[in-house]
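Comments concern the structure below.
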Amino acid sequence: MIHNVFVIKYSTREIYFHKQYWHYTVSNYQLRQFLSSLKQLQKATGYFPSMPIYISDAQFVYYLDGDILFVFVSNSNDSPTLIKERVLNLVRYYRKLLKEYSSGNVQQSEFWKKFEELLDEQVITKLKVSLVGEGGVGKTTLLRLIRGETPPTKYIPTIAVGIEEVEATRYGTYSIVVWDFAGQERFRRLWRLYFKGSDIVFLVCESTLRGVMAAKQILDFIRSEVVNLHLWVIANKQDLPGALPPTLIGKILGVKAFGMVATDPDNRERILQILRSAVAEYIGDKKKATFPPVNLPADAKRKYSMKVKNY
């Protein structure tokens, strides 16, 4: 994952622009080591070889355009070829923006702001998270909870699919796009189409035994359609009488299950933490892949059971 971007005047080492996308901070020592290694390469070869430079556990992918050095810093195991393509795209945008600035179409105060917008387009990757489950289990309510919106007071079936880009859950250079699949039987034949390109799937189920057994059938279908899938279960409606605990639901389905009451706004941070941790596990960021407890706090389970039922 790209986590830092620099634009540097190579002759003077003056940093014109820097943006950090993630918790990884590039130290002054690392930056000096990179620039020193680049200078040694130039001296030894007479030009700038198109190869990444590794300093500690960071990969520096670069391109020198005149005296302007563009540098993308990423994890050492990322593909340098793919990153180099993004660097070159950014260089082309920079040249175009520079022409607009020279002709007076872009003011100096707007130059780096526009550059940052173009940079985000190159660096930020959309990650598809799919919510799937029977109709009425609370997928749309869960999506509203993620977005910080008021939960619905009555059930309105989703038609085909609902798609939302959830800016509040941006994770490093990943922008999370949540797909809410219609659960009615007549739409399930479309699922195989919607599953294509899904990075993470959350199977949402009612926490009753009937709801769990219905989820088991859906889980078998998902596994027959997609291999090597990153999947977790959201055991919703934990406030209903007779709700099974998430730990037991996880044992029945063979997948880690997290308890949820999607109608409770207080659970928003919990679902965001589950999302962030799922993304962290998906991209291999072990430092951040910390899921919340499987069960809800005892005082949260029945808080909203009298206000909104069955959603």
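Residues in the structure tokens are numbered from 1 in each chain, the chains being A, B, ... in the order shown, and ligands are numbered from 1 in the order shown.
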
Using only C-alpha atoms, which protein or nucleic acid residues come within 12 Å of segment 209-217 of chain A? Drop anything in the same chain fewer than 4 positions from it, and give the result as a VMD selection string. chain A and resid 132 to 138 183 185 202 to 205 221 to 224 232 to 238 240 to 246 248 to 255 257

Take the selection from the previous step and output its residues with N, CA and C atoms, as a short mmCIF file (atom, residue, chain, number, x, y, z; two decimals), in the first residue's frame.
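Saved file again_39.cif follows:
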```cif
data_model
loop_
_atom_site.label_atom_id
_atom_site.label_comp_id
_atom_site.auth_asym_id
_atom_site.auth_seq_id
_atom_site.Cartn_x
_atom_site.Cartn_y
_atom_site.Cartn_z
N VAL A 132 -24.63 -9.37 2.35
CA VAL A 132 -25.53 -10.33 1.75
C VAL A 132 -26.28 -11.06 2.85
N GLY A 133 -27.48 -11.51 2.54
CA GLY A 133 -28.28 -12.23 3.52
C GLY A 133 -29.74 -12.23 3.09
N GLU A 134 -30.57 -12.93 3.85
CA GLU A 134 -32.00 -12.97 3.56
C GLU A 134 -32.61 -11.57 3.57
N GLY A 135 -33.75 -11.45 2.94
CA GLY A 135 -34.48 -10.19 3.03
C GLY A 135 -34.97 -9.95 4.44
N GLY A 136 -34.83 -8.72 4.93
CA GLY A 136 -35.35 -8.38 6.24
C GLY A 136 -34.41 -8.64 7.40
N VAL A 137 -33.16 -9.06 7.13
CA VAL A 137 -32.25 -9.35 8.24
C VAL A 137 -31.56 -8.09 8.76
N GLY A 138 -31.68 -6.98 8.00
CA GLY A 138 -31.12 -5.71 8.48
C GLY A 138 -29.91 -5.21 7.72
N GLY A 183 -32.10 -9.40 -0.73
CA GLY A 183 -32.11 -10.77 -0.23
C GLY A 183 -33.29 -11.60 -0.67
N GLU A 185 -35.79 -13.91 -2.73
CA GLU A 185 -35.47 -15.09 -3.52
C GLU A 185 -35.33 -14.78 -5.00
N PHE A 202 -19.71 -9.66 4.05
CA PHE A 202 -20.32 -9.85 5.37
C PHE A 202 -21.67 -10.50 5.15
N LEU A 203 -21.83 -11.71 5.68
CA LEU A 203 -23.10 -12.41 5.64
C LEU A 203 -23.90 -11.96 6.87
N VAL A 204 -25.01 -11.29 6.63
CA VAL A 204 -25.83 -10.75 7.71
C VAL A 204 -26.98 -11.73 7.95
N CYS A 205 -27.21 -12.07 9.21
CA CYS A 205 -28.29 -13.00 9.52
C CYS A 205 -29.02 -12.57 10.79
N PHE A 221 -23.90 -21.45 -0.75
CA PHE A 221 -23.99 -20.91 -2.10
C PHE A 221 -22.81 -19.99 -2.39
N ILE A 222 -22.48 -19.12 -1.45
CA ILE A 222 -21.36 -18.19 -1.63
C ILE A 222 -20.07 -18.96 -1.88
N ARG A 223 -19.84 -19.97 -1.07
CA ARG A 223 -18.59 -20.75 -1.19
C ARG A 223 -18.53 -21.52 -2.50
N SER A 224 -19.68 -21.87 -3.06
CA SER A 224 -19.68 -22.57 -4.35
C SER A 224 -19.39 -21.62 -5.50
N TRP A 232 -17.02 -12.75 6.81
CA TRP A 232 -17.38 -12.75 8.22
C TRP A 232 -18.90 -12.69 8.33
N VAL A 233 -19.42 -13.01 9.51
CA VAL A 233 -20.86 -13.01 9.74
C VAL A 233 -21.22 -11.91 10.74
N ILE A 234 -22.27 -11.15 10.41
CA ILE A 234 -22.85 -10.19 11.34
C ILE A 234 -24.13 -10.80 11.88
N ALA A 235 -24.13 -11.19 13.16
CA ALA A 235 -25.31 -11.77 13.80
C ALA A 235 -26.17 -10.63 14.32
N ASN A 236 -27.07 -10.17 13.46
CA ASN A 236 -27.89 -9.00 13.78
C ASN A 236 -29.10 -9.39 14.64
N LYS A 237 -29.79 -8.38 15.15
CA LYS A 237 -30.99 -8.54 15.96
C LYS A 237 -30.71 -9.33 17.24
N GLN A 238 -29.60 -9.02 17.86
CA GLN A 238 -29.27 -9.64 19.14
C GLN A 238 -30.25 -9.23 20.24
N LEU A 240 -33.51 -9.50 19.98
CA LEU A 240 -34.73 -10.29 19.89
C LEU A 240 -34.75 -11.40 20.93
N PRO A 241 -35.94 -11.76 21.43
CA PRO A 241 -36.03 -12.91 22.36
C PRO A 241 -35.54 -14.18 21.68
N GLY A 242 -34.79 -14.98 22.40
CA GLY A 242 -34.29 -16.24 21.86
C GLY A 242 -33.10 -16.11 20.95
N ALA A 243 -32.47 -14.92 20.90
CA ALA A 243 -31.30 -14.73 20.04
C ALA A 243 -30.14 -15.60 20.51
N LEU A 244 -29.51 -16.29 19.58
CA LEU A 244 -28.34 -17.11 19.90
C LEU A 244 -27.11 -16.21 20.06
N PRO A 245 -26.19 -16.55 20.95
CA PRO A 245 -24.98 -15.73 21.09
C PRO A 245 -24.09 -15.85 19.85
N PRO A 246 -23.37 -14.81 19.49
CA PRO A 246 -22.51 -14.84 18.30
C PRO A 246 -21.47 -15.96 18.32
N LEU A 248 -21.82 -18.96 19.48
CA LEU A 248 -22.48 -20.20 19.06
C LEU A 248 -22.80 -20.14 17.57
N ILE A 249 -23.26 -18.98 17.08
CA ILE A 249 -23.55 -18.82 15.64
C ILE A 249 -22.29 -19.06 14.82
N GLY A 250 -21.15 -18.54 15.31
CA GLY A 250 -19.88 -18.75 14.62
C GLY A 250 -19.50 -20.22 14.53
N LYS A 251 -19.81 -20.97 15.60
CA LYS A 251 -19.51 -22.41 15.61
C LYS A 251 -20.41 -23.17 14.64
N ILE A 252 -21.66 -22.75 14.54
CA ILE A 252 -22.60 -23.43 13.63
C ILE A 252 -22.21 -23.18 12.17
N LEU A 253 -21.81 -21.94 11.88
CA LEU A 253 -21.50 -21.58 10.49
C LEU A 253 -20.04 -21.82 10.13
N GLY A 254 -19.18 -21.96 11.12
CA GLY A 254 -17.76 -22.16 10.85
C GLY A 254 -17.06 -20.90 10.41
N VAL A 255 -17.65 -19.73 10.74
CA VAL A 255 -17.10 -18.42 10.38
C VAL A 255 -17.22 -17.52 11.60
N ALA A 257 -18.36 -14.77 13.89
CA ALA A 257 -19.59 -13.99 13.86
C ALA A 257 -19.53 -12.90 14.93
#
```

Who sits within 10 Å of Phe48 of chain A, only C-alpha atoms, same chain under 3 positions skipped, as a PyMOL selection string: chain A and resi 38-45+51+62-64

So that I have them on file, write out the residues from the current selection with N, CA and C atoms, as a tab-separated table (two decimals), in the first residue's frame.
```tsv
chain	number	residue	atom	x	y	z
A	38	LEU	N	20.09	7.25	-4.62
A	38	LEU	CA	19.74	7.66	-5.98
A	38	LEU	C	20.90	8.39	-6.65
A	39	LYS	N	21.56	9.24	-5.88
A	39	LYS	CA	22.72	9.97	-6.40
A	39	LYS	C	23.86	9.01	-6.75
A	40	GLN	N	24.07	7.99	-5.91
A	40	GLN	CA	25.11	7.00	-6.19
A	40	GLN	C	24.80	6.22	-7.47
A	41	LEU	N	23.51	5.88	-7.65
A	41	LEU	CA	23.09	5.17	-8.87
A	41	LEU	C	23.35	6.03	-10.10
A	42	GLN	N	23.02	7.29	-10.02
A	42	GLN	CA	23.23	8.20	-11.14
A	42	GLN	C	24.71	8.31	-11.47
A	43	LYS	N	25.53	8.39	-10.43
A	43	LYS	CA	26.98	8.53	-10.65
A	43	LYS	C	27.56	7.26	-11.27
A	44	ALA	N	27.08	6.10	-10.84
A	44	ALA	CA	27.61	4.83	-11.32
A	44	ALA	C	27.15	4.48	-12.73
A	45	THR	N	25.92	4.90	-13.08
A	45	THR	CA	25.35	4.50	-14.37
A	45	THR	C	25.25	5.63	-15.38
A	51	MET	N	14.29	1.40	-11.31
A	51	MET	CA	14.18	0.33	-10.31
A	51	MET	C	13.89	0.95	-8.95
A	62	TYR	N	10.14	5.92	-7.97
A	62	TYR	CA	10.36	7.32	-8.30
A	62	TYR	C	10.40	7.56	-9.81
A	63	TYR	N	10.31	8.85	-10.16
A	63	TYR	CA	10.52	9.28	-11.54
A	63	TYR	C	11.02	10.73	-11.50
A	64	LEU	N	12.11	10.99	-12.22
A	64	LEU	CA	12.68	12.33	-12.28
A	64	LEU	C	12.24	12.99	-13.58
```

Just asking: which residues within segment 48-276 of chain A are alpha helix (DSSP H) according to DSSP, as a PyMOL selection string? chain A and resi 80-102+108-123+139-147+191-195+209-225+246-253+268-276

Could you name the residues that touch Thr125 of chain A at 10 Å or less, counting only C-alpha atoms, but leaving out those on the same chain fewer than 2 positions away, as a PyMOL selection string? chain A and resi 1+120-123+127-128+170-176

What would the file look like if the residues just selected were written as a CSV table (one decimal), in the first residue's frame with N, CA, C and O atoms?
```csv
chain,number,residue,atom,x,y,z
A,1,MET,N,0.8,-1.2,0.0
A,1,MET,CA,0.0,0.0,0.0
A,1,MET,C,0.9,1.2,0.0
A,1,MET,O,1.8,1.4,0.8
A,120,ASP,N,-4.8,11.9,-5.3
A,120,ASP,CA,-5.8,11.0,-4.7
A,120,ASP,C,-6.4,10.0,-5.7
A,120,ASP,O,-6.6,8.8,-5.3
A,121,GLU,N,-6.7,10.5,-6.9
A,121,GLU,CA,-7.2,9.6,-7.9
A,121,GLU,C,-6.3,8.5,-8.3
A,121,GLU,O,-6.7,7.3,-8.6
A,122,GLN,N,-5.0,8.7,-8.2
A,122,GLN,CA,-4.0,7.7,-8.5
A,122,GLN,C,-3.7,6.8,-7.3
A,122,GLN,O,-3.4,5.6,-7.5
A,123,VAL,N,-3.7,7.3,-6.1
A,123,VAL,CA,-3.3,6.5,-5.0
A,123,VAL,C,-4.4,5.8,-4.3
A,123,VAL,O,-4.2,4.6,-3.9
A,127,LEU,N,-12.3,-0.4,-2.6
A,127,LEU,CA,-12.4,-1.8,-2.1
A,127,LEU,C,-13.8,-2.1,-1.9
A,127,LEU,O,-14.6,-1.4,-1.2
A,128,LYS,N,-14.2,-3.2,-2.5
A,128,LYS,CA,-15.7,-3.6,-2.5
A,128,LYS,C,-16.0,-4.5,-1.3
A,128,LYS,O,-15.4,-5.6,-1.2
A,170,ARG,N,-12.7,5.2,5.2
A,170,ARG,CA,-11.5,5.1,4.4
A,170,ARG,C,-10.4,4.6,5.2
A,170,ARG,O,-10.2,5.0,6.4
A,171,TYR,N,-9.7,3.6,4.7
A,171,TYR,CA,-8.6,2.9,5.4
A,171,TYR,C,-7.3,3.1,4.6
A,171,TYR,O,-7.1,2.5,3.6
A,172,GLY,N,-6.5,4.0,5.1
A,172,GLY,CA,-5.2,4.3,4.4
A,172,GLY,C,-5.5,4.8,3.0
A,172,GLY,O,-6.2,5.8,2.8
A,173,THR,N,-5.1,4.0,2.0
A,173,THR,CA,-5.3,4.4,0.6
A,173,THR,C,-6.5,3.6,0.0
A,173,THR,O,-6.6,3.5,-1.2
A,174,TYR,N,-7.3,3.0,0.9
A,174,TYR,CA,-8.5,2.3,0.4
A,174,TYR,C,-9.7,3.0,0.7
A,174,TYR,O,-10.0,3.4,1.9
A,175,SER,N,-10.6,3.2,-0.3
A,175,SER,CA,-11.9,3.8,-0.1
A,175,SER,C,-12.9,2.7,-0.1
A,175,SER,O,-13.0,2.0,-1.1
A,176,ILE,N,-13.6,2.5,0.9
A,176,ILE,CA,-14.5,1.4,1.1
A,176,ILE,C,-15.9,1.6,0.4
A,176,ILE,O,-16.5,2.6,0.8
```

Need the shell around Leu118 of chain A: protein/DNA/RNA residues with any atom at most 10 Å away, counting only C-alpha atoms. Skip same-chain ones fewer than 2 positions apart. Format as a PDB file with C-alpha atoms, in the first residue's frame?
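So the final result, stored in selection23.pdb, reads:
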```pdb
ATOM      1  CA  ASN A  89       0.189   9.002 -14.611  1.00  0.00           C
ATOM      2  CA  LEU A  90       0.741  11.593 -11.905  1.00  0.00           C
ATOM      3  CA  TYR A  93      -1.164  15.238 -14.802  1.00  0.00           C
ATOM      4  CA  TYR A  94       1.501  17.443 -13.221  1.00  0.00           C
ATOM      5  CA  LEU A  97      -1.443  21.307 -14.577  1.00  0.00           C
ATOM      6  CA  TRP A 112      -1.145  22.123  -5.098  1.00  0.00           C
ATOM      7  CA  LYS A 113      -4.778  21.714  -4.113  1.00  0.00           C
ATOM      8  CA  LYS A 114      -5.604  20.560  -7.638  1.00  0.00           C
ATOM      9  CA  PHE A 115      -2.456  18.442  -7.670  1.00  0.00           C
ATOM     10  CA  GLU A 116      -3.567  16.711  -4.461  1.00  0.00           C
ATOM     11  CA  ASP A 120      -5.779  10.985  -4.679  1.00  0.00           C
ATOM     12  CA  GLU A 121      -7.235   9.597  -7.907  1.00  0.00           C
ATOM     13  CA  GLN A 122      -3.975   7.707  -8.501  1.00  0.00           C
ATOM     14  CA  VAL A 123      -3.306   6.548  -4.972  1.00  0.00           C
TER      15      VAL A 123
END
```

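Distance check against Asn75 of chain A using only C-alpha atoms: of A:Leu296, A:Ile146, A:Ile2, A:Leu35, the minimum falls on A:Ile2.
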
Need the shell around segment 16-20 of chain A: protein/DNA/RNA residues with any atom at most 7 Å away, counting only C-alpha atoms. Skip same-chain ones fewer than 6 positions apart. Format as a list in words? His3, Asn4, Val5, Phe6, Val7, Ile8 and Lys9 of chain A

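Separating atom CA of Ser36 of chain A from atom CA of Val91 of chain A is a distance of 22.3 Å.
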